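What follows is one structure encoded as structure tokens, with my remarks underneath.
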Amino acid sequence: MVAITVHRLTKRFGTATVLADINLRIEPGELFFLLGPSGCGKTTLLRHLAGFYTPDAGTIRFDDEDVTHLPAHQRGTGMMFQSYALWPHLSVAENVAFGLEERRCPKAEIATRVAEALAAVKLDGLGERRIQQLSGGQQQRVALARALVIRPKCLFLDEPLSNLDAKLRLDMRAEIRRICKEYGLTGIYVTHDQEEALSMADRLAVMEAGRLVQVGAPLEVYRNPANRMVAEFIGETNILSGTVQGAGGGMGCFEVDTAAGRLTARCHLAAWQPAPGDRVQVSIRPEALTLSDEPPALPNRFKGIVENVIYLGATAQYELRVSGSAGLKVTQMNPAALLQPSGAAVTASVGVDDVVLLPG
């Protein structure tokens, strides 16, 4: 296991700054995710850590060793690419053995380590097959075995599951996390898939325009987003613009007037103290809202009508029109019956803890 420390890392391509003064520490054995919209710099940061790019400024350390200018093949890391990058003219075992052959390992040791790596990814006995004879999921496991066989200090993964179907992605999420933990690897994983990050990461970083916007555990980032961009990127949310009226509803809570009515919202940002008259944003997750025919005993309530419903088995997704121009998405878990668009009024309610105040 290795700790990775990034200090003031900056990279420019021409006049464009793609990484801007990045500071980050990844703990030994941590499975750390980099995510954000296309072009935010997450893959560029990963490629700096792997040694494929050299920064214009800043340093990268593996434990106490400065590896900023160390070539990729001398960093003792494994890499999984989105395309797998397997050689079709080689067998499974030959693909896995490639890194060991480049390191001039003895043949007997190569055979032993290849067999161990294939067993770790549950491909025992498939070493003689050609790559074309494997399914997409099996090819992905070959790429993982090839990264593991060199016994890396850490494992870098660049959107490795994007080419798999939904069922295989679910299976491989569990496999990758299991292997990283069993092998004691520090893992850095790039993805744009929020569900993938939330389900696998020990911690994650959300990036935008070459900067780290928020770093934290999945639960912390999901429930306490740093700004509107994070709230909208990590899962779904309803954003309502409003004006602070004053404190109310408990410590750290404020009354906010919105197009959907007056709400009591909590402020979790220690460095920000909203004042009466401030323009703000309010974030409410769809699954935090409850629909009812009767007004519940909660401070935050909305009267509205159902405009649309989408049934997805485990959930039902409603579009609720409230107060003329304001709309809300509502997710109902395990619905036994569905509300249909009819013009009849329903009430949506949400607890104060699930109404998050953000800078406007």
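Just remember, in the structure tokens the first chain shown is A, the second B, etc., residues are 1-based per chain, and ligands are 1-based in the order shown.
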Quick one: which range 70-133 of chain A residues come within 10 Å of range 181-196 of chain A, and what is the nearest atom pair for each with the distance in Å to one decimal, counting only C-alpha atoms, rows ordered by chain and ascending number, as CSV?
residue,atom,partner,partner_atom,distance
A:Thr77,CA,A:Thr186,CA,9.7
A:Gly78,CA,A:Gly187,CA,9.5
A:Met79,CA,A:Ile188,CA,9.7
A:Met80,CA,A:Tyr189,CA,9.4
A:Gln82,CA,A:Val190,CA,9.8
A:Ala120,CA,A:Glu182,CA,9.6
Take the residues that were just selected and, keeping N, CA and C atoms, output them as a PDB file, in the first residue's frame.
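File part-v2.pdb, as written:
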ATOM      1  N   THR A  77       3.224   0.763 -10.666  1.00  0.00           N
ATOM      2  CA  THR A  77       1.773   0.872 -10.668  1.00  0.00           C
ATOM      3  C   THR A  77       1.174   0.027 -11.788  1.00  0.00           C
ATOM      4  N   GLY A  78      -0.110  -0.354 -11.602  1.00  0.00           N
ATOM      5  CA  GLY A  78      -0.857  -1.052 -12.643  1.00  0.00           C
ATOM      6  C   GLY A  78      -1.920  -0.130 -13.212  1.00  0.00           C
ATOM      7  N   MET A  79      -2.245  -0.344 -14.493  1.00  0.00           N
ATOM      8  CA  MET A  79      -3.193   0.550 -15.165  1.00  0.00           C
ATOM      9  C   MET A  79      -4.209  -0.262 -15.946  1.00  0.00           C
ATOM     10  N   MET A  80      -5.492   0.101 -15.788  1.00  0.00           N
ATOM     11  CA  MET A  80      -6.565  -0.476 -16.601  1.00  0.00           C
ATOM     12  C   MET A  80      -7.188   0.627 -17.432  1.00  0.00           C
ATOM     13  N   GLN A  82      -9.882   2.128 -20.521  1.00  0.00           N
ATOM     14  CA  GLN A  82     -11.266   1.978 -20.957  1.00  0.00           C
ATOM     15  C   GLN A  82     -11.391   0.961 -22.086  1.00  0.00           C
ATOM     16  N   ALA A 120      -7.278 -14.967  -9.331  1.00  0.00           N
ATOM     17  CA  ALA A 120      -7.814 -13.835  -8.553  1.00  0.00           C
ATOM     18  C   ALA A 120      -9.004 -13.189  -9.241  1.00  0.00           C
TER      19      ALA A 120
END
Set the distance at 9 Å and use only C-alpha atoms: which residues neighbour Phe81 in chain A once local chain neighbours fewer than 4 positions away are removed? I'd like the list as a count of residues only. 7
Could you go through range 61-239 of chain A and tell me which residues DSSP, when run on the backbone, assigns to strand (DSSP E or B), listing them as an NGL selection string? :A and (61-62 or 65-66 or 77-80 or 91 or 130 or 154-158 or 186-191 or 203-208 or 211-216 or 238-239)
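Restricting the calculation to only C-alpha atoms, the smallest distance between Val96 in chain A and any of A:Ser83, A:Gln139, A:Gln133, A:Ser342 is found for A:Gln139.
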Against range 197-204 of chain A, which residues of range 223-300 of chain A fall within 12 Å? For each one I want the closest pair of atoms and the distance in Å (one decimal), counting only C-alpha atoms, rows by chain and increasing residue number, as JSON lines.
{"residue": "A:Arg223", "atom": "CA", "partner": "A:Leu198", "partner_atom": "CA", "distance": 11.6}
{"residue": "A:Val230", "atom": "CA", "partner": "A:Leu204", "partner_atom": "CA", "distance": 11.8}
{"residue": "A:Phe233", "atom": "CA", "partner": "A:Ala197", "partner_atom": "CA", "distance": 11.7}
{"residue": "A:Ile234", "atom": "CA", "partner": "A:Leu198", "partner_atom": "CA", "distance": 8.5}
{"residue": "A:Gly235", "atom": "CA", "partner": "A:Leu198", "partner_atom": "CA", "distance": 9.3}
Take the selection from the previous step and output its residues with C-alpha atoms, as a PDB file, in the first residue's frame.
ATOM      1  CA  ARG A 223     -26.014  14.634   1.585  1.00  0.00           C
ATOM      2  CA  VAL A 230     -22.046  18.933  -6.929  1.00  0.00           C
ATOM      3  CA  PHE A 233     -23.910  16.011 -10.629  1.00  0.00           C
ATOM      4  CA  ILE A 234     -24.087  13.490  -7.764  1.00  0.00           C
ATOM      5  CA  GLY A 235     -27.503  11.923  -8.230  1.00  0.00           C
TER       6      GLY A 235
END
Extract the full set of alpha helix (DSSP H) residues from range 206-248 of chain A according to DSSP on the backbone, and format it as a PyMOL selection string. chain A and resi 218-223+228-233
Selection export as a PDB file, in the first residue's frame, atoms kept: C-alpha atoms:
ATOM      1  CA  PRO A 218     -19.803   9.240  -0.687  1.00  0.00           C
ATOM      2  CA  LEU A 219     -22.468   9.785   1.998  1.00  0.00           C
ATOM      3  CA  GLU A 220     -21.001  13.157   2.991  1.00  0.00           C
ATOM      4  CA  VAL A 221     -20.782  14.450  -0.588  1.00  0.00           C
ATOM      5  CA  TYR A 222     -24.269  13.211  -1.467  1.00  0.00           C
ATOM      6  CA  ARG A 223     -26.014  14.634   1.585  1.00  0.00           C
ATOM      7  CA  ARG A 228     -25.147  23.469  -6.922  1.00  0.00           C
ATOM      8  CA  MET A 229     -22.807  21.760  -9.392  1.00  0.00           C
ATOM      9  CA  VAL A 230     -22.046  18.933  -6.929  1.00  0.00           C
ATOM     10  CA  ALA A 231     -25.700  18.588  -5.899  1.00  0.00           C
ATOM     11  CA  GLU A 232     -26.811  18.218  -9.521  1.00  0.00           C
ATOM     12  CA  PHE A 233     -23.910  16.011 -10.629  1.00  0.00           C
TER      13      PHE A 233
END
Can you list, as number ranges by chain, every protein, DNA or RNA residue that comes within 9 Å of range 245-252 of chain A when you count only C-alpha atoms, leaving out same-chain residues fewer than 4 positions away? A: 256-257, 264-268, 273-278, 299, 352
Produce a file of the selected residues containing C-alpha atoms, as a PDB file, in the first residue's frame.
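Okay, this is what ended up in selection-v1.pdb:
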ATOM      1  CA  VAL A 256     -36.196  30.707   2.774  1.00  0.00           C
ATOM      2  CA  ASP A 257     -38.877  32.027   0.418  1.00  0.00           C
ATOM      3  CA  THR A 264     -36.986  25.651   6.430  1.00  0.00           C
ATOM      4  CA  ALA A 265     -33.523  24.607   5.217  1.00  0.00           C
ATOM      5  CA  ARG A 266     -30.291  23.599   6.932  1.00  0.00           C
ATOM      6  CA  CYS A 267     -26.910  25.157   6.197  1.00  0.00           C
ATOM      7  CA  HIS A 268     -23.999  22.702   6.529  1.00  0.00           C
ATOM      8  CA  GLN A 273     -23.421  32.318   7.220  1.00  0.00           C
ATOM      9  CA  PRO A 274     -26.456  33.392   5.148  1.00  0.00           C
ATOM     10  CA  ALA A 275     -27.998  36.751   5.999  1.00  0.00           C
ATOM     11  CA  PRO A 276     -31.581  37.963   5.526  1.00  0.00           C
ATOM     12  CA  GLY A 277     -32.057  39.103   1.936  1.00  0.00           C
ATOM     13  CA  ASP A 278     -29.337  36.824   0.504  1.00  0.00           C
ATOM     14  CA  PRO A 299     -42.657  22.045   8.240  1.00  0.00           C
ATOM     15  CA  VAL A 352     -35.649  19.901   7.341  1.00  0.00           C
TER      16      VAL A 352
END
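Residue neighbourhood of Ser91 in chain A, excluding near-sequence residues (fewer than 6 positions): Ala97, Phe98, Val114, Leu126, Gly127, Glu128, Arg129, Arg130, Ile131, Gln132, Gln133, Leu134, Gln139 and Val142 of chain A, at 12 Å, using only C-alpha atoms.
Between CA of Ser38 in chain A and CA of Glu287 in chain A the separation is 26.5 Å.
Taking only C-alpha atoms, the non-local environment of Arg211 in chain A within 8 Å (same-chain residues fewer than 5 positions away omitted) comprises Leu19, Ala20, Asp21, Ile22, Cys40 and Gly41 of chain A.
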Go ahead and save the picked residues with C-alpha atoms, as a PDB file, in the first residue's frame.
ATOM      1  CA  LEU A  19      -5.382  21.235 -13.920  1.00  0.00           C
ATOM      2  CA  ALA A  20      -5.296  24.256 -11.638  1.00  0.00           C
ATOM      3  CA  ASP A  21      -3.307  24.065  -8.385  1.00  0.00           C
ATOM      4  CA  ILE A  22      -4.531  20.591  -7.322  1.00  0.00           C
ATOM      5  CA  CYS A  40     -13.146  18.484 -16.133  1.00  0.00           C
ATOM      6  CA  GLY A  41      -9.570  17.124 -15.904  1.00  0.00           C
TER       7      GLY A  41
END
Gln332 in chain A: which residues within 7 Å, counting only C-alpha atoms, same-chain residues fewer than 6 positions away excluded, as a PDB file with C-alpha atoms, in the first residue's frame?
ATOM      1  CA  GLU A 287     -36.316  10.413  -2.818  1.00  0.00           C
ATOM      2  CA  THR A 315     -39.292   3.126  -7.889  1.00  0.00           C
ATOM      3  CA  ALA A 316     -41.857   5.443  -9.407  1.00  0.00           C
ATOM      4  CA  GLN A 317     -40.752   8.869 -10.586  1.00  0.00           C
TER       5      GLN A 317
END
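When only C-alpha atoms are used to compute distances to Leu240 in chain A, the closest of the residues A:Thr59, A:Ser162, A:Thr44, A:Gln281 turns out to be A:Gln281.
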